Amino acid sequence: MSFLPAISVTALLAIQPLLLSLRRSAVAGVRDFSKACALCAVAVGVMAVATTLHMPLAALLGYAILTLAFFFILRGFRRFLALRIPAWVCPLLAAFAGTTGFIITLGGDESLAARVIVLTGLIAAPLLSAGLMVVDRSQERNPVIQAAIIGSVLVGCAALAHVLGAAPGRSPELWGAPADTAFEFAVAAMKALFLPFLFLAVILAVQNRMMAGLRAAIARDGLTGALSRGALIEAGEQMIADCHARRRALAFLLLDLDYFKQINDRHGHACGDMALAHFADVVLNFLGGRGVFGRIGGEEFGIVLPHHTEEQATALAEEICRIVRETPAGRGHRRIGLTVSIGIAAAAPGDTITEVMIRADLALYESKADGRDRCSVAKCREIDASTRALAAAAAQLREADAFRQEYARQIA
């Protein structure tokens, strides 16, 4: 089996460029994994030569390099998983794994400890891969999955230290032929595949986290932190389908900051952006998870409120109007007063989220027409072609009204 370490070294050298390419990412722990991969390639090569040529001092050097690689692997997982453990725990665990593998090697291949550690290490590999694939699926940290990942790494590292330090050409006498065959297969798999399997699983986990971060960035408005229009509609579609299935109420609020163009013209677009971010922060803090908040475009925002009746949504909208009115944007002497107009629409059986949003848009126009800084409830329940056209016209009228008032202010 002397050729097996060469397979592992070749695979590690092929994986190293992939890890180096990921070092520019913002994912924590990648640099440690890259260092560990390079050290593992060196350690496997040194130990393979040492065990073949019976060079004890070179074998000890290989153990030292391998233990250092274990340290970087564990530190990489500590950072990747954001583990709340002291930094000194990583070198301690690395030394424990390397020492355990070395001691088991001194006991000989026929010992029960050798058999158990190799077979357990082989089982740890798929457990490690499974843990890395699911660790980011939950919004909250799962200590059980994190402990399973670290435990699998430790067992696998100890088993690897044992098989790399053991002399080739085993001929155990205390086991039957089927057991010998299974054990030799496990040793071969550990020597050739464990490290490449480990680092490939790490690469896939890092790429998954990068993709999740990219999806989250796309789903969020960069200025306000609210959901983007597409993400808001997607979340609304899921929520309205769930509410219809459970026969629960759902409401939608369409919010539009009043006189926002005047804020831009008087104070500059930088202050306008600050006002939008302040408004979004105020609304998000007030909602406290009761609904899904997103930016539809410009100064227009939407809130999907599952399990809210029309009356409950109206009470919440009135509170939003009050809080926004009482919480001006800016600091010190440069305070910008804000008000918001809100249109409210409750979902009827069979409605889509788009139809509810159209009705809320019509209600928002009523709030604007009635003097702003207030909320209105949609009156119509059915959406047809004329209603859609009316909603589009209402949006155009709101924009024209804003320009008209600004023009009147300038010539006054």
# chains A, B, ... in the order shown; residues from 1 in each chain; ligands from 1
>>> residues_around(residues="Ala26 (chain A)", least_positions_apart="6", cutoff="10 Å", atoms="only C-alpha atoms", output="number ranges by chain")
A: 206, 209-210, 213
>>> write_last_selection(atoms="N, CA and C atoms", output="PDB file, in the first residue's frame")
ATOM      1  N   VAL A 206     -17.589  26.023   2.002  1.00  0.00           N
ATOM      2  CA  VAL A 206     -17.238  27.435   1.801  1.00  0.00           C
ATOM      3  C   VAL A 206     -17.998  28.010   0.616  1.00  0.00           C
ATOM      4  N   ARG A 209     -21.552  28.630   1.529  1.00  0.00           N
ATOM      5  CA  ARG A 209     -21.707  29.841   2.344  1.00  0.00           C
ATOM      6  C   ARG A 209     -21.575  31.098   1.488  1.00  0.00           C
ATOM      7  N   MET A 210     -20.663  31.067   0.512  1.00  0.00           N
ATOM      8  CA  MET A 210     -20.509  32.211  -0.384  1.00  0.00           C
ATOM      9  C   MET A 210     -21.774  32.430  -1.207  1.00  0.00           C
ATOM     10  N   GLY A 213     -24.436  33.862   0.994  1.00  0.00           N
ATOM     11  CA  GLY A 213     -24.198  35.287   1.207  1.00  0.00           C
ATOM     12  C   GLY A 213     -24.578  36.117   0.004  1.00  0.00           C
TER      13      GLY A 213
END
>>> select_by_dssp(residues="region 110-343 of chain A", states="strand (DSSP E)", output="JSON, numbers by chain")
{"A": [250, 251, 252, 253, 254, 255, 256, 257, 292, 293, 294, 295, 296, 297, 300, 301, 302, 303, 304, 305, 306, 329, 330, 331, 334, 335, 336, 340, 341, 342, 343]}
>>> residues_around(residues="Ala346 (chain A)", least_positions_apart="5", cutoff="9 Å", atoms="only C-alpha atoms", output="PDB file with C-alpha atoms, in the first residue's frame")
ATOM      1  CA  ALA A 249     -55.930  36.269   7.733  1.00  0.00           C
ATOM      2  CA  LEU A 250     -53.244  38.227   5.902  1.00  0.00           C
ATOM      3  CA  ALA A 251     -52.852  41.932   5.216  1.00  0.00           C
ATOM      4  CA  PHE A 252     -50.495  44.097   3.213  1.00  0.00           C
ATOM      5  CA  LEU A 253     -49.337  47.645   3.975  1.00  0.00           C
ATOM      6  CA  HIS A 308     -53.365  39.951  10.714  1.00  0.00           C
ATOM      7  CA  THR A 309     -56.941  40.956  10.097  1.00  0.00           C
ATOM      8  CA  GLU A 310     -57.857  44.260   8.460  1.00  0.00           C
ATOM      9  CA  ALA A 313     -53.326  45.824  10.279  1.00  0.00           C
ATOM     10  CA  VAL A 356     -53.524  42.536  -2.566  1.00  0.00           C
ATOM     11  CA  ARG A 359     -55.643  47.223  -3.701  1.00  0.00           C
ATOM     12  CA  ALA A 360     -53.179  48.622  -1.175  1.00  0.00           C
ATOM     13  CA  VAL A 377     -58.158  50.824   3.919  1.00  0.00           C
ATOM     14  CA  ALA A 378     -58.840  49.486   0.431  1.00  0.00           C
ATOM     15  CA  ARG A 381     -62.242  43.455  -3.198  1.00  0.00           C
TER      16      ARG A 381
END
>>> residues_around(residues="Gln207 (chain A)", least_positions_apart="5", cutoff="10 Å", atoms="only C-alpha atoms", output="CSV table (one decimal) with C-alpha atoms, in the first residue's frame")
chain,number,residue,atom,x,y,z
A,22,LEU,CA,-11.1,31.0,-2.0
A,25,SER,CA,-13.6,35.4,0.0
A,27,VAL,CA,-15.6,33.3,4.7
A,201,ALA,CA,-16.0,18.9,1.9
A,202,VAL,CA,-14.5,22.1,3.2
A,212,ALA,CA,-25.9,31.9,0.5
A,213,GLY,CA,-24.2,35.3,1.2
>>> closest_residue(among="A:Gln238, A:Thr51, A:Thr224, A:Ser8", to="His278 (chain A)", atoms="only C-alpha atoms")
A:Thr224
>>> residues_around(residues="Gly302 (chain A)", least_positions_apart="4", cutoff="8 Å", atoms="only C-alpha atoms", output="list in words")
Leu232, Phe252, Leu253, Leu254, Leu255, Phe293, Gly294, Arg295 and Ile296 of chain A
>>> write_last_selection(atoms="N, CA and C atoms", output="JSON list (two decimals), in the first residue's frame")
[["chain", "number", "residue", "atom", "x", "y", "z"],
["A", 232, "LEU", "N", -39.45, 40.47, -1.50],
["A", 232, "LEU", "CA", -40.69, 40.75, -0.77],
["A", 232, "LEU", "C", -41.87, 40.05, -1.41],
["A", 252, "PHE", "N", -51.67, 43.48, 3.83],
["A", 252, "PHE", "CA", -50.49, 44.10, 3.21],
["A", 252, "PHE", "C", -50.57, 45.60, 3.41],
["A", 253, "LEU", "N", -49.43, 46.19, 3.82],
["A", 253, "LEU", "CA", -49.34, 47.65, 3.98],
["A", 253, "LEU", "C", -48.40, 48.19, 2.92],
["A", 254, "LEU", "N", -48.84, 49.22, 2.21],
["A", 254, "LEU", "CA", -48.00, 49.92, 1.25],
["A", 254, "LEU", "C", -47.69, 51.29, 1.83],
["A", 255, "LEU", "N", -46.40, 51.56, 2.08],
["A", 255, "LEU", "CA", -45.97, 52.78, 2.75],
["A", 255, "LEU", "C", -45.22, 53.67, 1.78],
["A", 293, "PHE", "N", -40.76, 43.09, 5.83],
["A", 293, "PHE", "CA", -40.64, 44.47, 5.38],
["A", 293, "PHE", "C", -39.70, 44.53, 4.19],
["A", 294, "GLY", "N", -40.12, 45.21, 3.12],
["A", 294, "GLY", "CA", -39.28, 45.32, 1.93],
["A", 294, "GLY", "C", -39.43, 46.67, 1.25],
["A", 295, "ARG", "N", -38.43, 46.99, 0.44],
["A", 295, "ARG", "CA", -38.46, 48.24, -0.33],
["A", 295, "ARG", "C", -38.90, 47.94, -1.75],
["A", 296, "ILE", "N", -39.98, 48.55, -2.15],
["A", 296, "ILE", "CA", -40.54, 48.31, -3.48],
["A", 296, "ILE", "C", -39.84, 49.15, -4.53]]
>>> closest_residue(among="A:Gly298, A:Gly165, A:Gly131, A:Gly45", to="Phe102 (chain A)", atoms="only C-alpha atoms")
A:Gly165
>>> select_by_dssp(residues="region 31-202 of chain A", states="helix (DSSP H, G or I)", output="number ranges by chain")
A: 31-53, 56-80, 89-106, 112-134, 143-165, 177-202
>>> atom_distance(atom1="CA of Met357 (chain A)", atom2="CA of Glu300 (chain A)")
12.1 Å
>>> residues_around(residues="region 319-326 of chain A", least_positions_apart="5", cutoff="6 Å", atoms="only C-alpha atoms", output="number ranges by chain")
A: 338-340
>>> closest_atom_pairs(of="region 14-80 of chain A", to="region 89-96 of chain A", cutoff="8 Å", atoms="only C-alpha atoms", output="tab-separated table")
residue	atom	partner	partner_atom	distance
A:Thr67	CA	A:Ala94	CA	5.8
A:Leu68	CA	A:Ala94	CA	7.3
A:Phe70	CA	A:Ala94	CA	5.2
A:Phe71	CA	A:Ala94	CA	5.0
A:Leu74	CA	A:Cys90	CA	5.8
A:Arg75	CA	A:Cys90	CA	5.9
>>> residues_around(residues="Arg220 (chain A)", least_positions_apart="4", cutoff="9 Å", atoms="only C-alpha atoms", output="number ranges by chain")
A: 215-216, 224-229, 231, 294-295
